[in-house]
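The structure appears below as structure tokens.
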Amino acid sequence: MIYRTLTKKLLSLAKQFPVIGLVGPRQSGKTTLVKQLFSHLPYVSLEDLDQRSIAQNDTRAFLDRFKDGVVIDEAQNAPAVFSYLQTLVDQNQQPGQFILTGSQNFTLTEKITQTLAGRIALLTLLPLSLEELKEAEDLIGSSDDMIFKGGYPRIFNNHMDPTDWYPSYIRTYVERDVRQITSINDLNRFQVFLKLCSGRIGQLLNLSSLANDCGISHTTARQWLSVLESSYLVYLLQPHHQNFSKRLIKMPKIYFYDTGLACSLLGIESSKQLENHYLKGGLFENMVVSELLKYRFNQGKQPNVYFWRDKTGHEVDCIYELSGKLLPIEIKSSKTLSKDQFKNLHYFQKLSQQEQAILCYAGDIEVTQNGIKSVNFMNITKALEDEV
């Protein structure tokens with residue numbers, strides 16, 4: 001099993017809170033991780049229809065079987081459990097007593113806010129990061145290879161071909177999970193919507209255009225996008241609010257949490273196809289943005305990543321808020337450095353009076369010039385740690 005960076009934070013919080021919640025997309029490794037770390041606790045999955053029925057219809061009897069604690073997988077399938085847990089943990093403030101996992105962020109966080117606030121530590125586990133793969137010596141070659149393969153653990157643990165695994169994952173998600181989250185009658189159109197989202201990676205979100213292309217209403221497009229966000233498929237990168245006396249773009253940019261999934265939706269069947277693909281730059285940018293998100297989540301922190309663009313077209317791909325300062329990060333898929341790549345960073349440095357900046361690219365030359373550090377994408381998190 002590949003070591004997960006979140007392990008340290010997860011074990012630390014389990015010594016402080018009676019309930020631990022671990023959320024993230026399906027197949028990101030949540031179950032494997034909690035079963036390994038909390039092997040002393042019994043395990044029950046609410047994907048099992050019999051267990052789910054007991055938990056839903058006789059919640060007290062269900063929890064009476066686990067008075068000393070339990071790992072409950074896919075806990076959102078029995079929302080009544082949360083209310084009963086509140087009473088149990090208030091009676092016995094034993095740290096690490098109940099471990100909950102879930103793949104539907106909206107359902108879990110809503111119930112936690114209502115019943116377990118102050119009693120639970122909530123963490124997010126995304127698919128494998130490049131750093132985790134590097135530590136496991138399981139990296140797969142070029143940046144194109146990494147974009148194409150993505151980070152879902154089963155692909156690496158079982159040495160699976162992404163073209164075999166991702167279509168099955170997408171089909172299962174659409175046919176089962178989507179029905180659980182909301183009532184969507186036209187699943188085929190929803191799948192078209194999902195593919196249209198993948199074709200807009202790294203672009204400003206235009207809901208009207210997305211809705212028109214899919215043949216649905218603006219309201220439906222917004223609802224479906226919320227479904228994709230709550231199930232950890234799509235991430236909306238928000239614009240940074242500090243305007244420096246400039247008019248700013250207010251729309252978010254759309255990314256996928258996993259580039260392998262996006263490649264499958266785009267019909268990409270090999271890493272070689274990425275060489276001349278129209279979205280190669282966007283997918284590379286997506287991979288780096290995902291790394292920044294994983295870096296934060298693996299520390300038990302919320303994302304502090306934004307982008308910046310003004311009305312005149314000046315843009316910085318990422319703004320990373322760090323210790324009270326802003327660290328601009330430009331992301332380029334090329335393997336060579338050129339003057340033009342630094343243009344927007346220089347502009348932002350002058351405008352914001354920030355001295356440090358990062359250019360993240362696919363090349364190997366790492367130098368610092370005029371406060372801008374050029375780093376290979378594999379070293380982006382190390383570059384962030386150097387700035388702390």
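In the structure tokens, the first chain shown is A, the next is B, and so on; residue numbers restart at 1 for each chain, and ligands run from 1 in the order shown.
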
Apply DSSP to the backbone of this structure and, from stretch 174-358 of chain A, keep only the residues in strand (DSSP E); write these as a PyMOL selection string. chain A and resi 234-237+253-256+305-309+315-322+325-331+357-358

Restricting the output to C-alpha atoms, write the selected residues as a short mmCIF file (atom, residue, chain, number, x, y, z; two decimals), in the first residue's frame.
```
data_model
loop_
_atom_site.label_atom_id
_atom_site.label_comp_id
_atom_site.auth_asym_id
_atom_site.auth_seq_id
_atom_site.Cartn_x
_atom_site.Cartn_y
_atom_site.Cartn_z
CA VAL A 234 -14.95 19.09 -10.22
CA TYR A 235 -13.28 21.99 -8.43
CA LEU A 236 -14.04 25.67 -9.00
CA LEU A 237 -10.95 27.83 -8.52
CA LYS A 253 -12.26 28.66 -13.36
CA ILE A 254 -13.20 25.00 -13.69
CA TYR A 255 -10.84 22.10 -12.98
CA PHE A 256 -11.13 18.39 -12.24
CA VAL A 305 -5.38 28.70 -3.83
CA TYR A 306 -6.91 31.27 -6.19
CA PHE A 307 -6.23 32.78 -9.59
CA TRP A 308 -5.95 36.41 -10.61
CA ARG A 309 -7.11 38.08 -13.80
CA GLU A 315 -3.54 36.87 -15.48
CA VAL A 316 -1.65 34.71 -12.99
CA ASP A 317 -2.65 31.04 -12.98
CA CYS A 318 -2.44 30.63 -9.20
CA ILE A 319 -2.26 32.91 -6.18
CA TYR A 320 -1.18 30.96 -3.12
CA GLU A 321 -1.88 32.71 0.18
CA LEU A 322 1.03 31.97 2.46
CA LYS A 325 1.49 37.18 1.83
CA LEU A 326 0.55 36.33 -1.74
CA LEU A 327 2.72 33.97 -3.77
CA PRO A 328 1.94 34.16 -7.51
CA ILE A 329 2.47 30.92 -9.47
CA GLU A 330 2.49 30.73 -13.26
CA ILE A 331 2.04 27.25 -14.78
CA ALA A 357 7.03 34.30 -7.38
CA ILE A 358 7.17 30.81 -8.91
#
```

Write out as number ranges by chain each polymer residue whose atoms come within 8 Å of stretch 18-20 of chain A, counting only C-alpha atoms; drop sequence neighbours fewer than 4 positions from it. A: 13-14, 89, 93-100, 119-123

Include all heavy atoms and write out the residues we just selected as a short mmCIF file (atom, residue, chain, number, x, y, z; two decimals), in the first residue's frame.
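Generated file (part.cif):
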```cif
data_model
loop_
_atom_site.label_atom_id
_atom_site.label_comp_id
_atom_site.auth_asym_id
_atom_site.auth_seq_id
_atom_site.Cartn_x
_atom_site.Cartn_y
_atom_site.Cartn_z
N LEU A 13 -5.22 13.92 15.03
CA LEU A 13 -6.55 14.40 15.37
C LEU A 13 -7.39 13.33 16.06
O LEU A 13 -8.28 13.64 16.87
CB LEU A 13 -7.27 14.89 14.11
CG LEU A 13 -6.69 16.18 13.50
CD1 LEU A 13 -7.39 16.51 12.19
CD2 LEU A 13 -6.79 17.35 14.47
N ALA A 14 -7.11 12.06 15.76
CA ALA A 14 -7.85 10.96 16.40
C ALA A 14 -7.52 10.86 17.89
O ALA A 14 -8.24 10.19 18.64
CB ALA A 14 -7.54 9.64 15.71
N VAL A 89 -21.14 10.54 22.05
CA VAL A 89 -19.83 11.17 22.30
C VAL A 89 -19.91 12.17 23.45
O VAL A 89 -18.91 12.42 24.13
CB VAL A 89 -19.27 11.84 21.03
CG1 VAL A 89 -19.06 10.82 19.93
CG2 VAL A 89 -20.16 12.98 20.55
N GLN A 93 -16.47 11.05 26.23
CA GLN A 93 -15.56 11.86 25.40
C GLN A 93 -14.24 11.13 25.13
O GLN A 93 -13.15 11.62 25.41
CB GLN A 93 -15.28 13.19 26.11
CG GLN A 93 -16.44 14.15 26.11
CD GLN A 93 -16.66 14.79 24.74
OE1 GLN A 93 -15.73 14.89 23.93
NE2 GLN A 93 -17.88 15.23 24.47
N GLN A 94 -14.36 9.94 24.57
CA GLN A 94 -13.18 9.14 24.25
C GLN A 94 -12.65 9.51 22.86
O GLN A 94 -13.38 9.40 21.87
CB GLN A 94 -13.53 7.66 24.29
CG GLN A 94 -12.35 6.75 23.95
CD GLN A 94 -12.77 5.30 23.90
OE1 GLN A 94 -13.77 4.91 24.51
NE2 GLN A 94 -12.00 4.48 23.18
N PRO A 95 -11.42 9.96 22.74
CA PRO A 95 -10.87 10.34 21.43
C PRO A 95 -10.81 9.14 20.47
O PRO A 95 -10.58 8.01 20.88
CB PRO A 95 -9.46 10.84 21.76
CG PRO A 95 -9.48 11.15 23.21
CD PRO A 95 -10.45 10.19 23.82
N GLY A 96 -11.04 9.43 19.19
CA GLY A 96 -10.90 8.40 18.16
C GLY A 96 -11.89 7.27 18.28
O GLY A 96 -11.61 6.15 17.86
N GLN A 97 -13.08 7.55 18.83
CA GLN A 97 -14.05 6.48 19.08
C GLN A 97 -14.82 6.10 17.81
O GLN A 97 -15.05 4.93 17.55
CB GLN A 97 -15.03 6.93 20.17
CG GLN A 97 -15.96 5.83 20.67
CD GLN A 97 -16.83 6.32 21.80
OE1 GLN A 97 -16.82 7.50 22.14
NE2 GLN A 97 -17.59 5.41 22.40
N PHE A 98 -15.19 7.11 17.03
CA PHE A 98 -15.97 6.85 15.83
C PHE A 98 -15.27 7.46 14.61
O PHE A 98 -14.90 8.63 14.61
CB PHE A 98 -17.38 7.45 15.95
CG PHE A 98 -18.20 6.81 17.04
CD1 PHE A 98 -18.34 7.44 18.27
CD2 PHE A 98 -18.79 5.58 16.85
CE1 PHE A 98 -19.08 6.86 19.29
CE2 PHE A 98 -19.53 4.98 17.86
CZ PHE A 98 -19.67 5.62 19.09
N ILE A 99 -15.07 6.63 13.59
CA ILE A 99 -14.43 7.06 12.35
C ILE A 99 -15.45 6.95 11.24
O ILE A 99 -15.97 5.86 10.96
CB ILE A 99 -13.20 6.18 12.02
CG1 ILE A 99 -12.30 6.01 13.26
CG2 ILE A 99 -12.43 6.78 10.85
CD1 ILE A 99 -11.71 7.27 13.81
N LEU A 100 -15.78 8.07 10.61
CA LEU A 100 -16.77 8.10 9.55
C LEU A 100 -16.11 8.44 8.22
O LEU A 100 -15.25 9.31 8.16
CB LEU A 100 -17.86 9.15 9.85
CG LEU A 100 -18.45 9.18 11.25
CD1 LEU A 100 -19.45 10.32 11.37
CD2 LEU A 100 -19.12 7.85 11.59
N ARG A 119 -17.36 18.41 17.76
CA ARG A 119 -17.06 17.05 18.23
C ARG A 119 -16.29 16.25 17.18
O ARG A 119 -15.85 15.15 17.47
CB ARG A 119 -18.37 16.31 18.56
CG ARG A 119 -19.24 17.01 19.58
CD ARG A 119 -20.62 16.38 19.64
NE ARG A 119 -21.49 17.00 20.61
CZ ARG A 119 -22.24 18.08 20.37
NH1 ARG A 119 -22.20 18.65 19.17
NH2 ARG A 119 -23.01 18.59 21.31
N ILE A 120 -16.20 16.79 15.98
CA ILE A 120 -15.62 16.03 14.87
C ILE A 120 -14.50 16.82 14.18
O ILE A 120 -14.58 18.05 14.05
CB ILE A 120 -16.71 15.66 13.84
CG1 ILE A 120 -16.16 14.74 12.75
CG2 ILE A 120 -17.35 16.90 13.25
CD1 ILE A 120 -17.24 14.15 11.86
N ALA A 121 -13.48 16.12 13.77
CA ALA A 121 -12.43 16.68 12.91
C ALA A 121 -12.67 16.15 11.51
O ALA A 121 -12.74 14.94 11.31
CB ALA A 121 -11.05 16.27 13.41
N LEU A 122 -12.83 17.05 10.55
CA LEU A 122 -13.17 16.67 9.18
C LEU A 122 -11.96 16.83 8.27
O LEU A 122 -11.39 17.92 8.17
CB LEU A 122 -14.33 17.52 8.68
CG LEU A 122 -15.03 17.09 7.39
CD1 LEU A 122 -15.62 15.69 7.55
CD2 LEU A 122 -16.11 18.09 7.01
N LEU A 123 -11.58 15.74 7.61
CA LEU A 123 -10.41 15.74 6.72
C LEU A 123 -10.83 15.28 5.33
O LEU A 123 -11.84 14.60 5.16
CB LEU A 123 -9.33 14.80 7.26
CG LEU A 123 -8.74 15.18 8.63
CD1 LEU A 123 -7.89 14.03 9.17
CD2 LEU A 123 -7.91 16.45 8.53
#
```

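Across the structure, atom CA of A:Ile112 and atom CA of A:Val44 are spaced 19.4 Å apart.
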
Closest atom pairs, stretch 151-240 of chain A residues within 8 Å of stretch 125-136 of chain A, only C-alpha atoms, as CSV:
```
residue,atom,partner,partner_atom,distance
A:Gly151,CA,A:Leu128,CA,4.6
A:Tyr152,CA,A:Pro127,CA,4.9
A:Pro153,CA,A:Leu128,CA,6.4
```

Nearest to A:Arg176: which of A:Cys197, A:Arg26, A:Gly21, A:Gly313 is it, counting only C-alpha atoms?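 Going through A:Cys197, A:Arg26, A:Gly21, A:Gly313 one by one, the smallest distance to A:Arg176 is for A:Arg26.
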
Among the residues of stretch 75-322 of chain A, find those DSSP assigns to alpha helix (DSSP H) from the backbone and print them as a PyMOL selection string. chain A and resi 80-91+105-115+130-135+143-149+153-157+162-172+178-181+187-198+207-214+218-230+259-265+280-297

Which residues, written as a VMD selection string, have at least one atom at most 12 Å from A:Thr259, with only C-alpha atoms counted and residues fewer than 2 positions away on the same chain left out? chain A and resid 127 to 129 143 to 152 162 166 198 to 199 201 to 202 233 to 235 255 to 257 261 to 266 268 271 274 279 to 291

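For A:Ser53, the non-local neighbours within 12 Å, defined as residues at least 3 positions apart in the same chain or in other chains and counting only C-alpha atoms, are Ser45, Leu46, Glu47, Asp48, Leu49, Asp50, Gln56, Asn57, Asp58, Thr59, Ala61, Phe62, Asn77, Ala78, Pro79, Ala80 and Val81 of chain A.
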
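Between atom CA of A:Thr163 and atom CA of A:Ile216 there is a distance of 29.1 Å.
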
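Comparing the minimum interatomic distances between A:Glu74 and each of A:Trp224, A:Tyr295, A:Phe38, A:Tyr43, counting only C-alpha atoms, we find that A:Tyr43 sits nearest.
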
To one decimal place in Å, what is the distance between atom CA of A:Gln36 and atom CA of A:Leu85? 22.8 Å

Need to verify the contact set: A:Gly300, 9 Å, only C-alpha atoms, exclusion of same-chain residues closer than 3 positions in sequence. Can you return it as a PyMOL selection string? chain A and resi 6+9-10+122-124+296-297
